[in-house]
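Source file: model.txt (compact mmCIF, C-alpha atoms)
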# COMPACT_ATOMS: atom_id res chain seq x y z
CA MET G 1 13.69 -1.03 0.68
CA ASP G 2 16.80 0.68 -0.61
CA ILE G 3 16.79 4.37 -1.55
CA LYS G 4 19.47 5.89 -3.75
CA VAL G 5 19.47 9.64 -4.36
CA GLU G 6 21.62 11.26 -7.04
CA LYS G 7 21.62 14.47 -8.98
CA ILE G 8 21.28 14.62 -12.76
CA ASN G 9 21.72 18.26 -13.76
CA ASP G 10 19.11 20.03 -11.60
CA ILE G 11 16.94 16.96 -11.12
CA ALA G 12 16.99 14.85 -7.96
CA LEU G 13 16.74 11.22 -9.07
CA VAL G 14 15.46 8.84 -6.39
CA THR G 15 15.85 5.14 -7.20
CA LEU G 16 13.80 2.76 -5.04
CA SER G 17 14.23 -0.97 -4.79
CA GLY G 18 12.32 -3.59 -2.84
CA GLU G 19 8.97 -2.89 -1.22
CA LEU G 20 7.53 0.44 -0.08
CA ASN G 21 5.21 -0.21 2.85
CA MET G 22 4.15 1.01 6.30
CA ASP G 23 7.38 -0.29 7.75
CA ASN G 24 9.67 1.90 5.64
CA SER G 25 7.61 4.75 4.18
CA ASN G 26 9.01 7.04 6.90
CA THR G 27 12.52 6.39 5.55
CA LEU G 28 11.40 7.65 2.14
CA ARG G 29 9.66 10.60 3.81
CA GLU G 30 12.97 11.56 5.45
CA ALA G 31 14.83 11.24 2.13
CA PHE G 32 12.23 13.50 0.49
CA LYS G 33 12.59 16.05 3.32
CA LYS G 34 16.35 16.16 2.73
CA ILE G 35 15.80 16.68 -1.00
CA LEU G 36 13.46 19.61 -0.27
CA LYS G 37 15.86 21.06 2.29
CA GLU G 38 18.56 21.11 -0.38
CA MET G 39 16.22 23.27 -2.51
CA ASN G 40 15.60 20.65 -5.18
CA THR G 41 12.29 21.31 -6.93
CA LYS G 42 12.49 18.73 -9.71
CA VAL G 43 12.22 15.18 -8.43
CA LEU G 44 12.07 11.95 -10.41
CA VAL G 45 11.40 8.67 -8.62
CA ASP G 46 12.48 5.56 -10.52
CA PHE G 47 10.26 2.58 -9.66
CA GLU G 48 11.99 0.00 -11.87
CA LYS G 49 13.17 -2.12 -8.94
CA LEU G 50 10.18 -1.46 -6.68
CA SER G 51 7.90 -4.49 -6.52
CA PHE G 52 5.23 -3.43 -4.00
CA ILE G 53 3.53 -0.39 -2.53
CA ASP G 54 0.75 0.02 0.05
CA SER G 55 -1.40 2.99 1.06
CA SER G 56 1.30 4.41 3.35
CA GLY G 57 3.68 4.51 0.39
CA ILE G 58 1.04 6.31 -1.67
CA ALA G 59 0.56 8.80 1.18
CA THR G 60 4.32 9.52 1.20
CA LEU G 61 4.27 10.26 -2.53
CA ILE G 62 1.23 12.53 -2.17
CA GLU G 63 2.91 14.42 0.66
CA MET G 64 6.00 15.00 -1.51
CA PHE G 65 3.83 16.00 -4.48
CA GLN G 66 2.09 18.62 -2.33
CA ASN G 67 5.34 19.90 -0.80
CA LEU G 68 6.80 20.32 -4.28
CA GLU G 69 3.65 22.08 -5.50
CA LYS G 70 4.14 24.68 -2.76
CA VAL G 71 7.55 25.60 -4.23
CA LYS G 72 6.34 25.32 -7.83
CA GLY G 73 8.28 22.09 -8.21
CA ARG G 74 7.36 18.83 -9.84
CA LEU G 75 7.29 15.13 -8.93
CA CYS G 76 7.52 12.52 -11.69
CA LEU G 77 7.67 8.74 -11.56
CA CYS G 78 9.11 6.36 -14.13
CA GLN G 79 9.34 2.62 -14.86
CA VAL G 80 6.40 1.79 -12.62
CA ASN G 81 5.40 -1.87 -12.83
CA LYS G 82 1.89 -2.79 -13.96
CA ARG G 83 0.67 -3.91 -10.55
CA ILE G 84 1.69 -0.65 -8.91
CA ILE G 85 0.19 1.31 -11.83
CA GLY G 86 -2.99 -0.66 -11.12
CA ILE G 87 -2.94 0.55 -7.50
CA PHE G 88 -2.42 4.15 -8.67
CA GLU G 89 -5.34 3.81 -11.09
CA ILE G 90 -7.68 2.31 -8.48
CA THR G 91 -6.98 5.24 -6.14
CA LYS G 92 -6.80 7.73 -9.06
CA VAL G 93 -3.53 9.17 -7.71
CA HIS G 94 -1.96 8.64 -11.16
CA LYS G 95 -3.67 11.93 -12.03
CA LEU G 96 -1.39 13.76 -9.59
CA PHE G 97 2.02 12.62 -10.82
CA GLY G 98 3.71 12.65 -14.18
CA ILE G 99 4.25 8.96 -14.93
CA PHE G 100 6.70 7.94 -17.68
CA GLU G 101 7.61 4.59 -19.16
CA ASN G 102 11.35 5.20 -19.13
CA ARG G 103 13.88 7.32 -17.32
CA GLN G 104 15.14 9.34 -20.31
CA GLU G 105 11.65 10.37 -21.31
CA ALA G 106 10.96 11.44 -17.71
CA LEU G 107 14.21 13.41 -17.42
CA ARG G 108 13.47 15.23 -20.69
CA SER G 109 10.02 16.24 -19.41
CA PHE G 110 11.38 18.59 -16.74
CA MET V 1 -15.80 -28.86 -0.95
CA THR V 2 -13.56 -29.09 2.10
CA VAL V 3 -12.36 -25.84 3.60
CA THR V 4 -8.84 -25.98 5.03
CA LYS V 5 -7.61 -23.51 7.60
CA ILE V 6 -4.08 -22.41 6.68
CA VAL V 7 -3.60 -19.71 9.32
CA ASP V 8 -5.31 -19.20 12.68
CA ASP V 9 -3.09 -16.86 14.62
CA ASN V 10 -2.97 -13.75 16.78
CA ILE V 11 -0.61 -10.87 16.15
CA PRO V 12 0.09 -8.38 18.95
CA SER V 13 -0.89 -4.78 18.16
CA LYS V 14 2.61 -3.73 17.14
CA LEU V 15 3.06 -2.30 13.65
CA ASP V 16 6.68 -3.42 13.40
CA LEU V 17 5.51 -7.06 13.57
CA VAL V 18 3.27 -6.70 10.50
CA PRO V 19 5.81 -7.26 7.66
CA GLY V 20 7.19 -10.47 9.21
CA PHE V 21 3.69 -11.77 9.96
CA ILE V 22 2.58 -11.16 6.36
CA THR V 23 5.70 -12.87 5.00
CA ALA V 24 4.90 -15.92 7.14
CA VAL V 25 1.27 -16.00 5.95
CA LEU V 26 2.32 -15.74 2.29
CA GLU V 27 4.83 -18.55 2.77
CA LYS V 28 2.02 -20.77 4.06
CA LEU V 29 -0.03 -19.89 0.95
CA GLN V 30 2.72 -21.11 -1.41
CA VAL V 31 1.08 -24.56 -1.43
CA LEU V 32 -1.72 -23.02 -3.52
CA HIS V 33 0.66 -22.00 -6.36
CA LEU V 34 -0.87 -18.55 -6.68
CA ASP V 35 0.25 -16.28 -9.51
CA GLU V 36 2.10 -13.01 -8.88
CA ASP V 37 -1.02 -10.85 -9.28
CA GLU V 38 -2.85 -12.90 -6.65
CA VAL V 39 0.09 -12.74 -4.23
CA PHE V 40 0.35 -8.97 -4.74
CA ALA V 41 -3.37 -8.50 -4.03
CA LEU V 42 -3.30 -10.70 -0.91
CA LYS V 43 -0.19 -8.98 0.42
CA LEU V 44 -1.73 -5.54 -0.16
CA CYS V 45 -4.99 -6.49 1.56
CA LEU V 46 -3.18 -8.06 4.52
CA TYR V 47 -1.12 -4.88 4.98
CA GLU V 48 -4.16 -2.62 4.77
CA ALA V 49 -6.39 -4.77 7.00
CA LEU V 50 -3.72 -5.41 9.66
CA VAL V 51 -2.64 -1.77 9.84
CA ASN V 52 -6.29 -0.66 10.16
CA ALA V 53 -6.94 -3.27 12.86
CA ILE V 54 -3.85 -2.33 14.88
CA LYS V 55 -4.07 1.47 14.47
CA HIS V 56 -7.79 2.19 14.32
CA GLY V 57 -9.27 -0.94 15.91
CA ASN V 58 -6.91 -1.70 18.77
CA LYS V 59 -5.41 1.82 18.95
CA GLU V 60 -1.97 0.16 19.14
CA LYS V 61 -2.71 -1.09 22.69
CA SER V 62 -0.04 -3.62 23.50
CA ASP V 63 -2.42 -5.85 25.49
CA GLN V 64 -4.76 -6.30 22.51
CA ALA V 65 -4.22 -8.64 19.57
CA VAL V 66 -5.49 -8.99 16.03
CA HIS V 67 -6.87 -12.40 15.11
CA VAL V 68 -6.10 -13.57 11.58
CA ILE V 69 -7.73 -16.55 9.90
CA VAL V 70 -6.86 -17.68 6.38
CA LYS V 71 -8.78 -20.57 4.87
CA THR V 72 -9.22 -22.03 1.42
CA ASN V 73 -11.27 -24.56 -0.50
CA LYS V 74 -8.75 -24.47 -3.38
CA LYS V 75 -11.15 -22.30 -5.42
CA LYS V 76 -11.02 -19.25 -3.20
CA ILE V 77 -9.06 -17.84 -0.30
CA ILE V 78 -10.87 -16.32 2.66
CA LEU V 79 -9.00 -13.87 4.89
CA GLU V 80 -10.56 -12.74 8.17
CA VAL V 81 -8.94 -10.04 10.27
CA THR V 82 -10.55 -9.24 13.63
CA ASP V 83 -9.55 -6.54 16.09
CA GLN V 84 -10.62 -6.01 19.71
CA GLY V 85 -11.79 -2.44 19.28
CA HIS V 86 -15.28 -0.89 19.29
CA GLY V 87 -16.02 -1.48 15.61
CA PHE V 88 -16.90 1.30 13.18
CA ASP V 89 -19.63 2.39 10.80
CA PHE V 90 -18.49 0.62 7.65
CA THR V 91 -21.41 2.07 5.68
CA ARG V 92 -19.85 5.52 5.86
CA ILE V 93 -16.36 5.08 4.46
CA PRO V 94 -15.47 8.15 2.37
CA ASN V 95 -14.55 7.57 -1.27
CA PRO V 96 -10.84 8.47 -1.49
CA THR V 97 -10.99 9.11 -5.25
CA THR V 98 -13.25 12.18 -5.15
CA GLU V 99 -11.76 15.59 -5.86
CA GLU V 100 -11.89 16.66 -2.20
CA ASN V 101 -10.30 13.42 -0.95
CA ILE V 102 -7.71 12.56 -3.59
CA GLY V 103 -5.01 14.72 -1.97
CA LYS V 104 -5.58 13.34 1.54
CA PHE V 105 -2.81 11.27 3.06
CA HIS V 106 -5.06 8.61 4.58
CA GLY V 107 -8.30 6.74 3.90
CA ARG V 108 -7.36 4.49 0.96
CA GLY V 109 -6.93 1.15 2.78
CA VAL V 110 -10.50 -0.19 2.68
CA TYR V 111 -11.01 1.14 -0.85
CA LEU V 112 -7.89 -0.72 -2.02
CA ILE V 113 -9.14 -3.89 -0.34
CA GLN V 114 -12.60 -3.57 -1.93
CA ASN V 115 -11.02 -3.15 -5.36
CA SER V 116 -8.45 -5.93 -5.00
CA MET V 117 -10.64 -8.74 -3.65
CA ASP V 118 -13.66 -10.48 -5.16
CA SER V 119 -15.84 -9.81 -2.13
CA VAL V 120 -15.45 -7.92 1.15
CA LYS V 121 -17.74 -8.03 4.17
CA PHE V 122 -17.62 -6.31 7.53
CA LEU V 123 -18.86 -8.49 10.37
CA ASN V 124 -19.10 -8.22 14.12
CA GLY V 125 -19.95 -4.49 14.05
CA GLY V 126 -16.96 -3.70 11.86
CA ARG V 127 -14.43 -5.50 14.07
CA THR V 128 -13.97 -8.22 11.48
CA ILE V 129 -13.20 -7.72 7.83
CA GLN V 130 -13.75 -10.80 5.69
CA MET V 131 -12.02 -10.73 2.32
CA VAL V 132 -12.48 -13.33 -0.40
CA LYS V 133 -10.18 -13.85 -3.38
CA VAL V 134 -11.16 -16.29 -6.10
CA ILE V 135 -8.17 -18.32 -7.29
CA LYS V 136 -7.70 -18.22 -11.08

Let me see the structure of the file written as structure tokens.
Amino acid sequence: MDIKVEKINDIALVTLSGELNMDNSNTLREAFKKILKEMNTKVLVDFEKLSFIDSSGIATLIEMFQNLEKVKGRLCLCQVNKRIIGIFEITKVHKLFGIFENRQEALRSF
Amino acid sequence: MTVTKIVDDNIPSKLDLVPGFITAVLEKLQVLHLDEDEVFALKLCLYEALVNAIKHGNKEKSDQAVHVIVKTNKKKIILEVTDQGHGFDFTRIPNPTTEENIGKFHGRGVYLIQNSMDSVKFLNGGRTIQMVKVIK
């Protein structure tokens, strides 16, 4: 999995590509920690190029969601493919995150 | 109908071996011409079952292995993942979607498997999980 982090105004945009699984979820966890350390409270994760997620990936997103809640921040996701949306719906975690169809709509929501 | 065994292999209890093992299993399943939804579901269930077997079943003990069998009769795929641990009470798996559990970091693996496969059974005192996917 590749992780690209950039700043758009005051929003940290995290672009993921490949597969998020037990083998690399710690890498995303470290990237999230760095984002929090730099006092970013608005975080958008772009899933357009992410093809797979397992329960360890979901756990990493929940951890970030909770860490952002503690600082009154917000975690949003965009361009999530239908299979991953299906996984979020099965586990009901889609209720925790703001999920948007496209990046612009997600950026405007902050 | 004839049942063909596609995989009958042991994987050592090392989490870093899991992605490569799953890739190899999915390559062997290519002969069945599965669609992308089916491949996604099988990959997800293999990840969840193997990680559970290595972490919770075998407690990551390097001298213990996880036995994986994949067989098919062309109408369905049967995955069996067996660890060498003490088993567990599979009748008492918490529902991860309730209000008190939804924010927890762990406990979604079996639930994802049960909702991605057509049938799931625990055998051998919980040491074996048998997962069946009907091929469309």

Which residue of V:Leu15, V:Ala53, V:Ile77, V:Ile69 approaches chain G most closely, using only C-alpha atoms: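 Of all the options, V:Leu15 lies closest to chain G.
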
Quick one: residues within 12 Å of G:Glu38, only C-alpha atoms counted, chain neighbours fewer than 3 positions away excluded, as a list in words? Lys7, Asp10, Ile11, Ala12, Ala31, Phe32, Lys33, Lys34, Ile35, Thr41, Lys42 and Val43 of chain G

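Using all atoms listed in the file, the nearest neighbour of chain V within the list G:Glu30, G:Glu69, G:Glu19, G:Glu63 is G:Glu63.
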
Query - Exercise: G:Ser51 partners within 8 Å, only C-alpha atoms, chain neighbours under 2 positions left out, as a list in words - result: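 Within the cut-off, the hits are Ser17, Gly18, Glu19, Lys49, Ile53, Asn81 and Ile84 of chain G.
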
Go through V:Phe105, V:Phe21, V:Phe90, V:Phe122 and flag the residue nearest chain G, using only C-alpha atoms for the distances.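 Residue with the minimum atom-to-atom distance to chain G: V:Phe105.
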
Q) V:Glu27, V:Asp63, V:Glu38, V:Glu100: which is nearest V:Ile11, counting all atoms listed in the file? A)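 Selected residue with least distance to V:Ile11: V:Asp63.
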
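Residue nearest V:Ser62, chosen from V:Leu17, V:Leu42, V:Lys75, V:Gly87 and counting all atoms listed in the file: V:Leu17.
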
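Across G:Cys78, G:Leu68, G:Asp23, G:Gly57, the tightest approach to chain V is made by G:Asp23 when counting all atoms listed in the file.
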
* For V:Pro12, list every protein, DNA or RNA residue within 12 Å, evaluated using only C-alpha atoms, and leave out those in the same chain fewer than 4 positions away; present the list as a ChimeraX atom specification. => /V:16-18,21,50-51,53-55,58-68,82-84

Around stretch 31-50 of chain G, with edges along x, y and z and 4 Å added on all six sides, what centre and edge lengths do you get, in Å to one decimal, as JSON?
{"center_x": 14.4, "center_y": 10.6, "center_z": -4.3, "size_x": 16.4, "size_y": 33.4, "size_z": 23.2}

The distance between atom CA of V:Val120 and atom CA of V:Leu44 is 14.0 Å

message = When you look at G:Ser55 with a cut-off of 9 Å (counting only C-alpha atoms), what residues show up, excluding the ones that are within fewer than 4 positions of it in the same chain? I need them as a list in words.
response = Asn21, Met22, Ala59 and Thr60 of chain G; Leu44, Tyr47, Glu48, Phe105, His106, Gly107, Arg108, Gly109 and Leu112 of chain V

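The interatomic distance for the pair atom CA of V:Glu80 and atom CA of V:Asn124 works out to 11.3 Å.
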
A straight line from atom CA of V:Thr128 to atom CA of G:Leu61 spans 29.5 Å

In the coordinate frame of the file, compute which residues have an atom within 6 Å of (19.3, 16.4, -17.4) when using all atoms listed in the file, and state them as an MDAnalysis selection string. chainID G and resid 8:9 107

Counting all atoms listed in the file, what is within 12 Å of G:Gly86, bar same-chain residues fewer than 2 positions away, as a ChimeraX atom specification? /G:52-54,80-84,88-94 /V:37,40-41,112,115-116
